[in-house]
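As provided, input-v2.txt (compact mmCIF, C-alpha atoms and all ligand atoms) reads as follows.
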# COMPACT_ATOMS: atom_id res chain seq x y z
CA MET U 51 125.35 90.61 95.82
CA VAL U 52 128.95 89.98 96.50
CA ALA U 53 130.84 86.74 96.70
CA LYS U 54 132.45 85.77 99.93
CA HIS U 55 135.41 84.20 98.20
CA LEU U 56 135.57 85.80 94.83
CA PRO U 57 137.02 83.54 92.17
CA LEU U 58 138.62 86.24 90.05
CA ALA U 59 139.43 83.82 87.30
CA ASN U 60 135.89 82.50 87.22
CA ARG U 61 135.26 83.00 83.58
CA CYS U 62 133.41 80.78 81.19
CA LYS U 63 135.97 79.08 79.07
CA SER U 64 134.36 76.41 77.03
CA VAL U 65 132.63 77.10 73.77
CA ALA U 66 129.05 76.17 73.18
CA SER U 67 128.86 74.89 69.65
CA GLY U 68 126.70 76.94 67.38
CA GLY U 69 126.28 79.72 69.88
CA THR U 70 123.92 80.11 72.75
CA TYR U 71 120.76 82.09 72.49
CA LEU U 72 119.88 84.26 75.41
CA VAL U 73 116.93 86.40 76.19
CA PHE U 74 117.52 89.93 77.38
CA ASP U 75 114.55 92.02 78.26
CA MET U 76 114.02 95.76 78.68
CA GLY U 77 114.03 98.45 76.09
CA ARG U 78 116.34 100.74 78.00
CA LEU U 79 118.95 98.19 78.83
CA ARG U 80 118.73 96.33 75.57
CA SER U 81 120.87 98.61 73.46
CA THR U 82 123.21 99.25 76.36
CA LEU U 83 123.98 95.61 76.82
CA ILE U 84 124.37 94.97 73.15
CA ARG U 85 126.83 97.80 72.82
CA HIS U 86 128.57 97.31 76.13
CA TYR U 87 129.24 93.70 75.31
CA ALA U 88 130.54 94.29 71.86
CA HIS U 89 131.42 90.64 71.43
CA ILE U 90 127.76 89.79 71.52
CA ARG U 91 126.10 89.72 68.18
CA SER U 92 122.53 90.87 68.19
CA SER U 93 120.56 88.53 66.04
CA VAL U 94 116.87 89.13 66.58
CA LEU U 95 114.78 91.75 68.31
CA VAL U 96 111.34 90.90 69.51
CA ALA U 97 108.87 93.52 70.70
CA GLN U 98 106.40 92.25 73.20
CA ARG U 99 103.85 94.38 74.99
CA THR U 100 105.74 97.18 76.71
CA PHE U 101 108.97 95.23 76.81
CA TYR U 102 111.55 94.57 74.18
CA TYR U 103 113.59 91.49 74.21
CA ALA U 104 116.78 90.99 72.39
CA LEU U 105 117.74 87.53 71.42
CA LEU U 106 121.46 87.58 71.48
CA GLN U 107 123.79 85.11 70.02
CA VAL U 108 126.75 84.50 72.23
CA PRO U 109 129.33 82.26 70.62
CA SER U 110 131.52 81.52 73.60
CA LEU U 111 129.78 80.72 76.80
CA GLY U 112 130.31 77.90 79.24
CA SER U 113 128.36 74.69 79.06
CA ASP U 114 126.46 75.41 82.26
CA ILE U 115 125.20 78.60 80.76
CA ALA U 116 124.36 76.85 77.52
CA ARG U 117 122.24 74.41 79.47
CA SER U 118 120.50 77.17 81.36
CA ALA U 119 119.84 79.17 78.24
CA SER U 120 118.14 76.24 76.63
CA SER U 121 115.43 76.42 79.27
CA ARG U 122 115.46 80.13 80.01
CA THR U 123 112.75 82.09 81.69
CA THR U 124 110.36 83.56 79.17
CA PRO U 125 109.32 87.22 79.33
CA GLU U 126 105.75 86.15 80.14
CA ARG U 127 106.97 83.96 82.97
CA PHE U 128 109.07 86.78 84.38
CA GLN U 129 106.15 89.19 84.27
CA ALA U 130 104.00 86.66 86.11
CA LEU U 131 106.63 86.16 88.81
CA TYR U 132 107.59 89.80 89.25
CA PRO U 133 104.75 90.81 91.62
CA GLY U 134 105.60 88.01 94.05
CA LEU U 135 109.28 88.89 94.01
CA ILE U 136 108.89 92.63 94.47
CA GLY U 137 106.27 91.93 97.13
CA TRP U 138 108.72 89.77 99.05
CA ILE U 139 111.40 92.47 98.68
CA ARG U 140 109.15 95.24 99.98
CA GLY U 141 107.98 93.06 102.86
CA THR U 142 111.58 92.21 103.77
CA LEU U 143 112.59 95.87 103.76
CA ALA U 144 109.60 96.79 105.90
CA ALA U 145 110.46 94.05 108.39
CA HIS U 146 114.01 95.43 108.78
CA ALA U 147 113.18 99.14 108.50
CA ALA U 148 113.81 99.78 112.18
CA HIS U 149 117.42 98.63 111.82
CA ALA U 150 118.20 100.35 108.53
CA ARG U 151 120.82 103.11 108.83
CA PRO U 152 121.74 105.74 106.26
CA VAL U 153 125.08 104.85 104.70
CA ALA U 154 126.27 108.37 105.52
CA SER U 155 125.96 107.56 109.23
CA ALA U 156 128.58 104.81 108.99
CA GLY U 157 131.32 107.41 108.60
CA PHE U 158 133.26 105.83 105.75
CA GLU U 159 136.01 108.13 104.54
CA ARG U 160 136.32 107.16 100.91
CA LEU U 161 132.70 106.66 99.83
CA PRO U 162 131.96 110.43 99.68
CA HIS U 163 134.60 110.70 96.95
CA TYR U 164 132.57 108.35 94.75
CA PHE U 165 128.93 108.92 95.66
CA SER U 166 126.93 112.11 96.17
CA GLU U 167 125.91 113.36 99.57
CA ASN U 168 122.29 112.79 98.54
CA LEU U 169 122.84 109.17 97.68
CA LEU U 170 124.77 108.41 100.87
CA ALA U 171 122.03 110.09 102.89
CA SER U 172 119.18 108.26 101.15
CA ALA U 173 120.74 104.81 100.69
CA LYS U 174 120.49 102.60 103.75
CA PHE U 175 122.11 99.46 105.03
CA VAL U 176 121.19 96.83 107.57
CA ALA U 177 123.83 94.74 109.32
CA VAL U 178 122.57 91.22 109.94
CA ASP U 179 123.92 87.79 110.83
CA GLN U 180 122.67 86.37 107.55
CA VAL U 181 121.49 88.46 104.63
CA PRO U 182 117.92 87.73 103.52
CA THR U 183 117.68 86.08 100.12
CA PRO U 184 114.41 85.50 98.26
CA PRO U 185 112.63 82.19 98.93
CA LEU U 186 113.19 81.15 95.34
CA GLN U 187 111.17 77.97 95.41
CA GLU U 188 108.20 79.63 97.05
CA LEU U 189 108.30 82.44 94.49
CA GLY U 190 108.53 80.06 91.54
CA LEU U 191 112.13 81.06 90.93
CA SER U 192 113.92 77.89 92.00
CA ARG U 193 115.66 77.75 88.62
CA PHE U 194 117.84 80.65 89.80
CA ALA U 195 119.08 78.84 92.89
CA ALA U 196 122.02 77.40 90.97
CA PHE U 197 123.19 80.86 89.91
CA LEU U 198 123.05 82.65 93.24
CA LEU U 199 125.52 82.59 96.06
CA ASN U 200 124.91 80.66 99.18
CA ASP U 201 124.97 82.93 102.19
CA PRO U 202 126.27 86.05 100.40
CA ASP U 203 128.08 88.84 102.26
CA GLY U 204 125.78 91.49 100.88
CA ILE U 205 122.61 91.95 98.87
CA THR U 206 120.78 95.04 97.65
CA TYR U 207 117.06 95.63 97.35
CA LEU U 208 115.92 99.00 96.03
CA ASP U 209 117.69 101.70 98.09
CA THR U 210 118.71 99.39 100.91
CA TYR U 211 121.34 96.74 101.21
CA PHE U 212 122.06 94.08 103.78
CA VAL U 213 125.57 93.20 104.85
CA ARG U 214 126.75 90.42 107.10
CA ARG U 215 127.59 91.89 110.48
CA VAL U 216 131.16 90.59 110.35
CA ARG U 217 131.71 92.57 107.14
CA ALA U 218 129.80 95.68 108.18
CA THR U 219 132.92 97.85 108.33
CA ASP U 220 134.26 96.69 104.96
CA GLU U 221 134.13 99.84 102.87
CA ALA U 222 134.67 97.96 99.59
CA LEU U 223 131.62 95.81 100.29
CA HIS U 224 129.55 98.93 100.89
CA PHE U 225 130.94 100.38 97.68
CA HIS U 226 129.88 97.29 95.73
CA GLU U 227 126.36 97.31 97.12
CA LEU U 228 126.06 101.07 96.50
CA ILE U 229 126.74 100.41 92.82
CA HIS U 230 123.69 98.14 92.92
CA VAL U 231 121.67 100.86 94.68
CA VAL U 232 122.47 103.20 91.79
CA GLN U 233 121.51 100.48 89.30
CA TRP U 234 118.19 99.96 91.07
CA LEU U 235 117.55 103.70 91.08
CA LEU U 236 118.36 104.23 87.44
CA LEU U 237 116.64 101.14 86.08
CA GLY U 238 113.68 100.95 88.43
CA PRO U 239 112.70 97.71 90.15
CA GLU U 240 111.11 95.88 87.23
CA TYR U 241 113.93 96.62 84.81
CA PHE U 242 116.55 95.88 87.44
CA LEU U 243 115.08 92.51 88.36
CA GLY U 244 114.47 91.60 84.72
CA ALA U 245 118.03 92.50 83.81
CA TYR U 246 119.46 90.73 86.82
CA ALA U 247 117.51 87.55 86.08
CA ALA U 248 118.40 87.60 82.38
CA GLY U 249 122.03 88.27 83.27
CA LEU U 250 122.15 85.32 85.66
CA GLU U 251 120.65 82.97 83.14
CA GLY U 252 122.81 84.26 80.35
CA PHE U 253 126.18 84.71 82.00
CA GLY U 254 126.10 83.17 85.46
CA TYR U 255 126.48 85.20 88.62
CA ARG U 256 129.95 86.68 88.30
CA ASP U 257 129.74 87.73 84.67
CA SER U 258 126.12 88.86 84.65
CA PRO U 259 126.23 92.44 83.36
CA LEU U 260 124.99 94.16 86.50
CA GLU U 261 127.37 92.18 88.73
CA ARG U 262 130.25 92.66 86.37
CA MET U 263 129.68 96.40 86.44
CA ALA U 264 129.74 96.33 90.26
CA TYR U 265 132.85 94.14 90.42
CA ASP U 266 134.71 96.20 87.82
CA ALA U 267 133.93 99.41 89.70
CA GLN U 268 134.93 97.73 92.97
CA SER U 269 138.26 96.73 91.44
CA ALA U 270 138.89 100.34 90.40
CA PHE U 271 137.91 101.44 93.92
CA ALA U 272 140.40 98.96 95.36
CA THR U 273 143.25 100.49 93.35
CA GLY U 274 142.56 103.88 94.92
CA GLN U 275 141.40 105.43 91.67
CA VAL U 276 138.85 108.20 92.34
CA PHE U 277 135.84 108.61 90.07
CA ASP U 278 132.19 109.55 90.10
CA ALA U 279 130.60 106.14 90.62
CA GLU U 280 127.04 107.33 89.98
CA LYS U 281 128.09 108.86 86.70
CA LEU U 282 129.96 105.70 85.79
CA VAL U 283 126.87 103.54 86.28
CA ALA U 284 124.70 106.01 84.38
CA GLN U 285 127.14 106.03 81.49
CA LYS U 286 127.37 102.27 81.37
CA LEU U 287 123.60 101.88 81.43
CA SER U 288 122.98 104.49 78.79
CA ARG U 289 125.88 103.85 76.46
CA GLN U 290 124.56 103.99 72.97
ZN ZN N 301 126.79 92.34 93.58
Rendering of file as structure tokens:
Amino acid sequence: MVAKHLPLANRCKSVASGGTYLVFDMGRLRSTLIRHYAHIRSSVLVAQRTFYYALLQVPSLGSDIARSASSRTTPERFQALYPGLIGWIRGTLAAHAAHARPVASAGFERLPHYFSENLLASAKFVAVDQVPTPPLQELGLSRFAAFLLNDPDGITYLDTYFVRRVRATDEALHFHELIHVVQWLLLGPEYFLGAYAAGLEGFGYRDSPLERMAYDAQSAFATGQVFDAEKLVAQKLSRQ
């Protein structure tokens, strides 16, 4: 997702006394996040079925996040809600399939310097008046409504992203959503959604790890710096 009016200084400033405990799921992403966010102190690891959850102690998060963390989504709850969410996503993509275009066909000049020919040929986008967002209440995910953007400019599901028609020629927006495409590809849908949900609950939208990665890369893109964006995401997700 990408914010329409990005508050660059939107950082959590206040300190939650005694630290805030967050749940991060996923074996693969667990160590990455712990190491990537070096300020986070890993306190407890809990193995549960095929997933691993790290309980992280974060000493300086905003009060909103502290409140959310106190009633966070449990791993069991997430697993129960996942089928409905991925079902809605697949149904939404199927409903728009006729209007999905390969990113390569949009003719952006800079994107090929950051993403492989394969990715730009396989990733698709759909230009719409309003990007489809999950019916959170219906899916039992209404708790996430407070974290997500109202009427976002873009949103990515699997290998396809939606952009608002008025922003359809904004190369930086496409770049941002392509970072999410790579995240989806590398993590797989269940890990991606689990990480995204945990990130929202733990850090809020803008500082959730997967969004932060996309925004940081987008900032570098904006400066004109050239780099292999797929490699960057892979490195960030696998950093040990
Ligand atoms: Zn985003």
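You will find atom CA of Phe175 of chain U at 5.5 Å from atom CA of Phe212 of chain U.
Contact shell of Tyr255 of chain U at 6 Å (all atoms listed in the file; same-chain neighbours under 3 positions omitted): Phe197, Leu250 and Ser258 of chain U.
Atom CA of Ile229 of chain U lies 10.3 Å from atom CA of Asp266 of chain U.
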Within 7 Å of segment 222-228 of chain U using all atoms listed in the file, minus same-chain residues under 5 positions, as JSON, numbers by chain
{"U": [51, 161, 204, 205, 206, 211, 264, 265, 268]}
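Of the listed residues (U:Ala156, U:Ala195, U:Ala130, U:Ile136), U:Ala156 comes nearest to Lys174 of chain U; the distances count all atoms listed in the file.
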Just want the 8 Å neighbourhood of Val231 of chain U, counted on only C-alpha atoms, with same-chain residues fewer than 6 positions away dropped. Output as a PyMOL selection string.
chain U and resi 173+206-211
Okay, now the selection with C-alpha atoms, as a short mmCIF file (atom, residue, chain, number, x, y, z; two decimals), keeping the file's coordinate frame?
data_model
loop_
_atom_site.label_atom_id
_atom_site.label_comp_id
_atom_site.auth_asym_id
_atom_site.auth_seq_id
_atom_site.Cartn_x
_atom_site.Cartn_y
_atom_site.Cartn_z
CA ALA U 173 120.74 104.81 100.69
CA THR U 206 120.78 95.04 97.65
CA TYR U 207 117.06 95.63 97.35
CA LEU U 208 115.92 99.00 96.03
CA ASP U 209 117.69 101.70 98.09
CA THR U 210 118.71 99.39 100.91
CA TYR U 211 121.34 96.74 101.21
#
Any idea what's packed within 8 Å of Val276 of chain U, counting only C-alpha atoms, ignoring anything in its chain fewer than 4 positions away? Could you give it as number ranges by chain?
U: 163-164, 271
re atom CA of Glu240 of chain U and atom CA of Ala267 of chain U: distance 23.2 Å
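When only C-alpha atoms are used to measure the gap to Arg127 of chain U, the shortest distance among U:Leu191, U:Ala279, U:Asn168, U:Glu221 belongs to U:Leu191.
Counting all atoms listed in the file and comparing U:Leu282, U:Leu235, U:Val153, U:Leu143, the residue that lies closest to Pro182 of chain U is U:Leu143.
The nearest approach to ligand ZN 301 (chain N) among the residues U:Pro259, U:Pro239, U:Gly274, U:Pro125, with all atoms listed in the file taken into account, belongs to U:Pro259.
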Taking only C-alpha atoms into account, name the residue in U:Leu198, U:Ala247, U:Val176, U:Leu169 that is nearest to Gln129 of chain U.
U:Ala247
Selected residue of minimal separation from ligand ZN 301 (chain N) among U:Pro133, U:Pro202, U:Gly252, U:Gly244, counting all atoms listed in the file
U:Pro202
Return as AutoDock Vina command-line options the box centre and box size in Å, one decimal, for an axis-aligned box around all listed atoms of segment 173-181 of chain U padded by 4 Å per side.
--center_x 122.2 --center_y 95.6 --center_z 105.8 --size_x 11.4 --size_y 26.4 --size_z 18.1
